[in-house]
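> Have a look at the structure that comes next, please.
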Amino acid sequence: MSATILDGAATARTIRDEVAAAVAALRQAGGPPPGLAVVLVGEDPASRVYVAQKHKACQEAGFHSEVITLPGTASEAHVLAEIARLNADPAIHGILVQVPLPSQIDQSRVMHAIDPRKDVDGFHPVNVGKLTMGDDTFFPCTPLGCLELLKRYRIPIQGKRALVIGRSNIVGKPVALLLLREHATVTIGHSRTVDLPGEVARADIVVAALGKPRFVQGAWIKEGAVVLDVGINQVPHPDQPGKTRLVGDVDFETARERAAFITPVPGGAGPMTIAMLLQNTLKARHLLVGAR
Ligand code: NDP
């Protein structure tokens, strides 16, 4: 068997176009566009790239988009003051603080300061609690993107055995809770899991989010399983000395021979994250100002 590729890039494009059409209709009706503010503290090059991508996606979708750039020396009080200002700004419906933050700033205190109604990343404890209780809320973008990809490809989740490898607060745990919400039977694997290959072999759906290049072997995977590879790892390029390339947490070439569906890296789960950020911000705008 050679798996069907779950094309996250194309699916994300479709969703971004849908969001842009909804925003165009809002503008035509005289309503305010969704507004997203991204707070970037410091000079981390990867963070700068991510923030620029988010800003561009917002502009393409017709959003009001602000990037608040603070120096790496900014105090926690300064960041908290910016959050308070954005919480009170009626043109802003979503607030995202790019992590990592410099060491003088308590990340958790900053996340807690965001108005939960504007927490489009879904990291505020109120929204984490709602997700845990099965309520509707803002779900974290990367996990939500995984679920959306399954839904867009009409892949059944209910009753399936799902294995999530990784238990971080930003990927593993929320993916597991979202799969549970869709009535999968969920197992969470982590670094102390005994016999991970055995757990993978039992799973109908495998979500790999452990941050280890090509760790999950094709031979472990059940014939006909669905494989979502969230990992993003830079490894030396095999043909171009001195260059790197991106690979996931799954050994794609062997896994595609056993899976029924699989996400590539890049172009799978990754592009869905920004699409979900736009969707969450549109939702926040509707909840704050009404659907018109
Ligand atoms: P973390 O490092 O926070 O968590 C990794 C998890 O994997 C931990 O729970 C850890 O277990 C588990 N783990 C590590 N080694 C093993 C192992 N050998 N066997 C089983 N479990 C293991 O990573 P993140 O959740 O932040 O990210 C995971 C991956 O997803 C990364 O590659 C990251 O780059 C990518 N990512 C992609 C995004 C996107 O597509 N937009 C967004 C965010 C992340 P333990 O808890 O026991 O230590």
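Lettering and numbering for the structure tokens are positional, with chains as A, B, ... in the shown order, residues counted from 1 in each chain, and ligands counted from 1 in the shown order.
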Looking only at strand (DSSP E) from DSSP on the backbone, list the matching residues of range 108-264 of chain A as a PyMOL selection string.
chain A and resi 161-165+185-189+205-208+226-229+233-236+244-247+261-262
> At a cut-off of 6 Å around ligand 1, and using only C-alpha atoms and all ligand atoms, what residues come up? Please write them as a PyMOL selection string.
chain A and resi 142+165-168+170-172+189-192+209-211+230-233+269-270+273
> Would you mind telling me which residue in A:Ala184, A:Val39, A:Val227, A:Ile262 lies nearest to Asp7 in chain A when using only C-alpha atoms?
A:Ile262
> With distances taken over only C-alpha atoms, which residue among A:Leu163, A:Leu6, A:Ala225, A:Val247 lies nearest Val265 in chain A?
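Closest candidate: A:Val247.
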> Given the choices A:Arg117, A:Arg256, A:Arg181, A:Arg245, which gets closest to Val216 in chain A if the distance is worked out from only C-alpha atoms?
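Using only C-alpha atoms, the shortest distance to Val216 in chain A belongs to A:Arg256.
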> From the options A:Gln28, A:Ser47, A:Leu277, A:Val200, which residue's atoms come nearest to Gly94 in chain A, counting only C-alpha atoms?
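When distances to Gly94 in chain A are compared using only C-alpha atoms, the smallest one comes from A:Leu277.
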> With only C-alpha atoms as the basis for distance, which of A:Thr281, A:His93, A:Gln98, A:Leu177 is at the shortest distance from Val51 in chain A?
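Distance minimum relative to Val51 in chain A lands on A:Gln98.
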> Please identify all polymer residues within 7 Å of Thr185 in chain A, counting only C-alpha atoms, omitting same-chain residues fewer than 2 positions from it, and present them as JSON, numbers by chain.
{"A": [159, 160, 161, 162, 180, 183, 187]}
> Looking at A:Asn169, A:Leu246, A:Asn87, A:Leu96, which one is nearest to Pro125 in chain A, with distances taken over only C-alpha atoms?
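When distances to Pro125 in chain A are compared using only C-alpha atoms, the smallest one comes from A:Asn169.
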> If we count only C-alpha atoms and set the cut-off at 12 Å, which residues sit around Thr14 in chain A, ignoring sequence neighbours fewer than 6 positions away in its own chain? Please answer as an NGL selection string.
:A and (7-8 or 20-21 or 61 or 148-149 or 152 or 271-272 or 275-276 or 279)
> What does the distance between CA of Ala284 in chain A and CA of Leu228 in chain A come to in Å, to one decimal place?
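For CA of Ala284 in chain A relative to CA of Leu228 in chain A, the distance reads 27.3 Å.
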> Write out as a list in words which residues come within 10 Å of Leu70 in chain A when counting only C-alpha atoms, dropping same-chain ones fewer than 3 positions away.
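Residues near the query, excluding close chain neighbours: Val39, Leu40, Val41, Gly42, Glu43, Val67, Thr73, Ala74, Ser75, His78, Val79 and Glu82 of chain A.
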> Keeping only N, CA and C atoms, write the selected residues as a compact mmCIF listing (two decimals), in the first residue's frame.

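Saved file part.txt follows:
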# COMPACT_ATOMS: atom_id res chain seq x y z
N VAL A 39 2.56 39.85 19.69
CA VAL A 39 3.60 40.52 20.48
C VAL A 39 4.89 39.71 20.35
N LEU A 40 5.93 40.39 19.88
CA LEU A 40 7.23 39.74 19.69
C LEU A 40 8.24 40.44 20.59
N VAL A 41 8.88 39.69 21.47
CA VAL A 41 9.87 40.28 22.38
C VAL A 41 11.23 39.70 22.02
N GLY A 42 12.16 40.57 21.62
CA GLY A 42 13.52 40.11 21.34
C GLY A 42 13.76 39.83 19.87
N GLU A 43 14.93 39.24 19.62
CA GLU A 43 15.45 39.14 18.24
C GLU A 43 15.52 37.72 17.72
N VAL A 67 1.74 44.09 14.68
CA VAL A 67 2.87 43.39 15.30
C VAL A 67 3.50 44.37 16.29
N THR A 73 15.37 43.30 25.93
CA THR A 73 15.61 43.75 27.31
C THR A 73 14.31 44.21 27.98
N ALA A 74 13.19 44.12 27.29
CA ALA A 74 11.91 44.63 27.85
C ALA A 74 11.60 43.94 29.18
N SER A 75 11.05 44.71 30.11
CA SER A 75 10.71 44.13 31.41
C SER A 75 9.36 43.40 31.32
N HIS A 78 6.55 45.83 31.29
CA HIS A 78 6.32 46.45 29.98
C HIS A 78 5.44 45.54 29.11
N VAL A 79 5.76 44.24 29.10
CA VAL A 79 4.97 43.29 28.30
C VAL A 79 3.53 43.23 28.84
N GLU A 82 1.52 46.15 27.73
CA GLU A 82 1.07 46.00 26.32
C GLU A 82 -0.14 45.08 26.24
> May I ask for the distance between CA of Pro197 in chain A and CA of Ile221 in chain A, given in Å to one decimal place?
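Computed distance, CA of Pro197 in chain A to CA of Ile221 in chain A, equals 7.9 Å.
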> Enter the distance from CA of Ala37 in chain A to CA of Leu278 in chain A, in Å, rounded to one decimal.
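Calculated distance between CA of Ala37 in chain A and CA of Leu278 in chain A is 11.7 Å.
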> Taking the DSSP secondary structure from the backbone, can you list the residues of range 110-174 of chain A that are helix (DSSP H, G or I), as a PyMOL selection string?
chain A and resi 110-113+116-118+125-133+141-152+172-174
